[in-house]
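Enquirer: Before anything else, here's the structure in question.
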Amino acid sequence: MQSILSRIRDRSARIGVIGQGYVGLPLALVFAESGFRVTGFDVDSGKVEALRRGESYIRHIGPDRVARAAASGALQASTDFDRLRECDAILICVPTPLGRHREPDNSFIHETAESISKRLHAGQLVVLESTTYPGTTNGEVRPILERGGLRTPEHFLLAFSPEREDPGNAQFSTRSIPKVVGGVNRESTEAAVELYAAALEKVVPVSSAEVAESGKLLENVFRSVNIALVNELKMIFDRMGIDVWEVIEAAKTKPFGFMPFYPGPGLGGHCIPLDPFYLAWKAAEHGEWARFIELAGEINTRMPAWVVAKTARALNEEGKPLKRSSVLVLGLAYKANVDDDRESPSYEIIELLQAAGAAVEYCDPYFPETKPTRKHALSLRSVPLDPQAFARFDAIVVSTAHEAFKDLRLYASAKLVIDTRNIVPQALVGDRVRVVKA
Ligand SMILES: NC(=O)c1ccc[n+]([C@@H]2O[C@H](COP(=O)([O-])OP(=O)(O)OC[C@H]3O[C@@H](n4cnc5c(N)ncnc54)[C@H](O)[C@@H]3O)[C@@H](O)[C@H]2O)c1
C-alpha cells in the first residue's frame, strides 16, 4: 500500500469521482485545484458533456472554476466506467433516495460497487461518500468489491467519508469543512486520511466506517428533530397568539446551552427529509424503534398541510373560499438563494392548494419554469418578480426566503401574505396588506 500513499503525496494519484452532482462535482474540483488529475464519472451524458465544455450546471458552483479545471486538463469527465481502471482512488457520490414506503434505496451504491468490482485492481482506494445507514460500507460494498478475489487491506483499501456540503453557504466550502473518515481497517483509514488531507483543511479520523456512517446520520437527525420541535412549538404558540419567531429571538440571547432552529413550510433538500429514515429502518432490523426520528418526520411532513390550512382560514376571514381564489407561492427552491428544489415542500403546498380548487401560480427567479420531477408534473411558468404581478393574487404564500423576496416594494399592492419564513414584517408593509405568519 506504500505506492498509493506516495502517489497521493506527490500528487501523481489519479482520482475518480463517481456521480457528478451537488456533492461529487465540488469534490472533484477541490482535488483538481489541489494538483490532482481527476476524472468525474456520471451516467448522465448531459452532465459529462457540459463538464467537457467547461460548463457548470449547478448555479452556486462558479462556471469559472469548472472552465479552469477543464481547460487545464485537471478535470476530465466520462461515462466510460472502464476508465475506473486508471484511477488510484475512487470516491462514490451517487444518490441515496428513499423508496415509496420511505425505505432506503441503496441500489445506486450497489450498482456502482458492481461496476467498480469488475475493474478493481490491487493498490486502489475506494471511498463511499453517499449518506447511508451504518454497516453499508463494510457489510454491502466490501463483499461486492471482494467478489473477484481481491481482499482488503491486502489488495485494496475501503473507507467511508460523509459529505457535509451546504450548497450556497458562503462561509464554508468543501475545502474548509472538516472531513470525517473511517476505514474498514486501519490501513484504509490511513490512506483515506492521507488523500483528503492533501486537498482539505481538516481531516478527522474515526475508528471505523460504521462510526463515520453514524456520525453523518446523527448530524442530520439532530437537524430534523430540532426543526420538528420548533415546528410543533410554532403550531402551539400560534393557538396561543404568540409569535414563535419572537420567542426564538428572545431565547437565543442566552449565551450558552441554546442553539436556534427556525420553523418553516416543511423539510426539503437531499439530506434532512431522507437520511434519518435510513437509520430508523436499520434500527428496526436490530429490534429498536427510532421514535424521535419517526415523530420528527411526522411533524415536519405535516407542515405543508398546516400552511394550506392557515391560508384557507385567512382567506375565509376575508370572505373568500380557497376554492377559485388565486394564490401565488413564492419559491420552489427548498432553501434560500439556491436553484435546488429537491424534496421542496413548495410542491406539496402548490398541489394541496390546487386540490382545494385554488388557481395557483408560483414565482422563483431560480426556476423560470417547472421541470417534471420524480413526484411532480406541474407545467407552470414563474410569475414576474414585480408588484403589479403580485397584486393580481388573493393570497401570496412565502415558502422560500430568497433575498429577492425580501424587497418589500413587491408587496405594495398585495392583499394577503401568508409568511412561513418571517421575511415580510407587518410593521413595514403597512396595514393595507394583511400578513399572517404560518
Ligand atoms: N446535496 C447535498 O447537499 C448533500 C450533502 C451531504 C450528503 N449528500 C449525499 O451525497 C450523495 C449524493 O448526493 P447529491 O446531492 O450529490 O446527488 P445528485 O443527485 O446531485 O448527484 C448524484 C449524481 O450521481 C449520478 N448517478 C446516479 N447513478 C449513477 C451511477 N450508477 N453511476 C454514476 N453516476 C450516477 C447522477 O446522474 C447525478 O449526477 C447522497 O447520498 C446524499 O445523501 C448530499
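Order determines the names: the first chain of the C-alpha cells is A, the second B, and so forth; residues in each chain are numbered 1 upward, and ligands are numbered 1 upward as they are shown.
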Fewer than 6 positions away in the same chain doesn't count, so skip those; otherwise give me all residues within 10 Å of Arg147 (chain A), counting only C-alpha atoms, as a ChimeraX atom specification.
Expert: /A:114,117-118
Enquirer: Counting only C-alpha atoms and all ligand atoms, what are the residues of chain A within 6 Å of ligand 1, and for each of them which pair of atoms is the nearest and at what distance in Å, to one decimal? Sort the table by chain and rising number, as CSV.
Expert:
residue,atom,partner,partner_atom_place_in_ligand_line,distance
A:Ile18,CA,ligand 1,33 (C),5.0
A:Gly19,CA,ligand 1,24 (O),3.4
A:Gln20,CA,ligand 1,39 (O),4.5
A:Gly21,CA,ligand 1,21 (O),3.2
A:Tyr22,CA,ligand 1,16 (O),3.8
A:Val23,CA,ligand 1,16 (O),3.7
A:Gly24,CA,ligand 1,16 (O),5.5
A:Phe41,CA,ligand 1,33 (C),5.8
A:Asp42,CA,ligand 1,34 (N),3.8
A:Val43,CA,ligand 1,34 (N),4.7
A:Asp44,CA,ligand 1,37 (O),4.7
A:Cys93,CA,ligand 1,12 (C),4.7
A:Val94,CA,ligand 1,24 (O),4.1
A:Pro95,CA,ligand 1,40 (C),4.2
A:Thr96,CA,ligand 1,41 (O),4.3
A:Phe108,CA,ligand 1,31 (N),5.2
A:Glu111,CA,ligand 1,31 (N),5.6
A:Thr112,CA,ligand 1,31 (N),5.1
A:Ser130,CA,ligand 1,41 (O),3.3
A:Thr131,CA,ligand 1,41 (O),4.0
A:Glu163,CA,ligand 1,6 (C),4.5
A:Arg164,CA,ligand 1,6 (C),4.6
A:Glu165,CA,ligand 1,5 (C),4.5
A:Asp166,CA,ligand 1,3 (O),5.2
A:Pro167,CA,ligand 1,3 (O),5.7
A:His270,CA,ligand 1,1 (N),5.4
A:Cys271,CA,ligand 1,43 (O),5.1
Enquirer: I'd like the contact shell of region 397-406 of chain A - 8 Å cut-off, only C-alpha atoms, skipping same-chain residues fewer than 4 positions apart - returned as a list in words.
Expert: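 Returned residues: Gly264, Pro265, Thr311, Val327, Leu328, Val329, Leu330, Gly331, Leu332, Ala333, Tyr334, Lys335, Ala336, Asn337, Pro345, Ser346, Leu410, Val417, Ile418, Asp419, Thr420, Arg421, Ile423 and Val424 of chain A.
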Enquirer: Could you check the closest approach to Ser413 (chain A) for each of A:Ile144, A:Trp306, A:Ala427, A:Asp386 and tell me which residue wins, using only C-alpha atoms?
Expert: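 Going through A:Ile144, A:Trp306, A:Ala427, A:Asp386 one by one, the smallest distance to Ser413 (chain A) is for A:Asp386.
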Enquirer: Rank A:Phe36, A:Phe222, A:Phe393, A:Phe367 by their smallest atom-to-atom distance to Asp10 (chain A), using only C-alpha atoms, and report the top residue only.
Expert: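 Of all the options, A:Phe36 lies closest to Asp10 (chain A).
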Enquirer: Pull the strand (DSSP E) assignments for region 132-269 of chain A out of DSSP run on the backbone, and list those residues as a list in words.
Expert: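 Assigned to strand (DSSP E), within region 132-269 of chain A: Leu157, Leu158, Ala159, Phe160, Lys179, Val180, Val181, Gly182, Gly183, Val203, Val204 and Pro205 of chain A.
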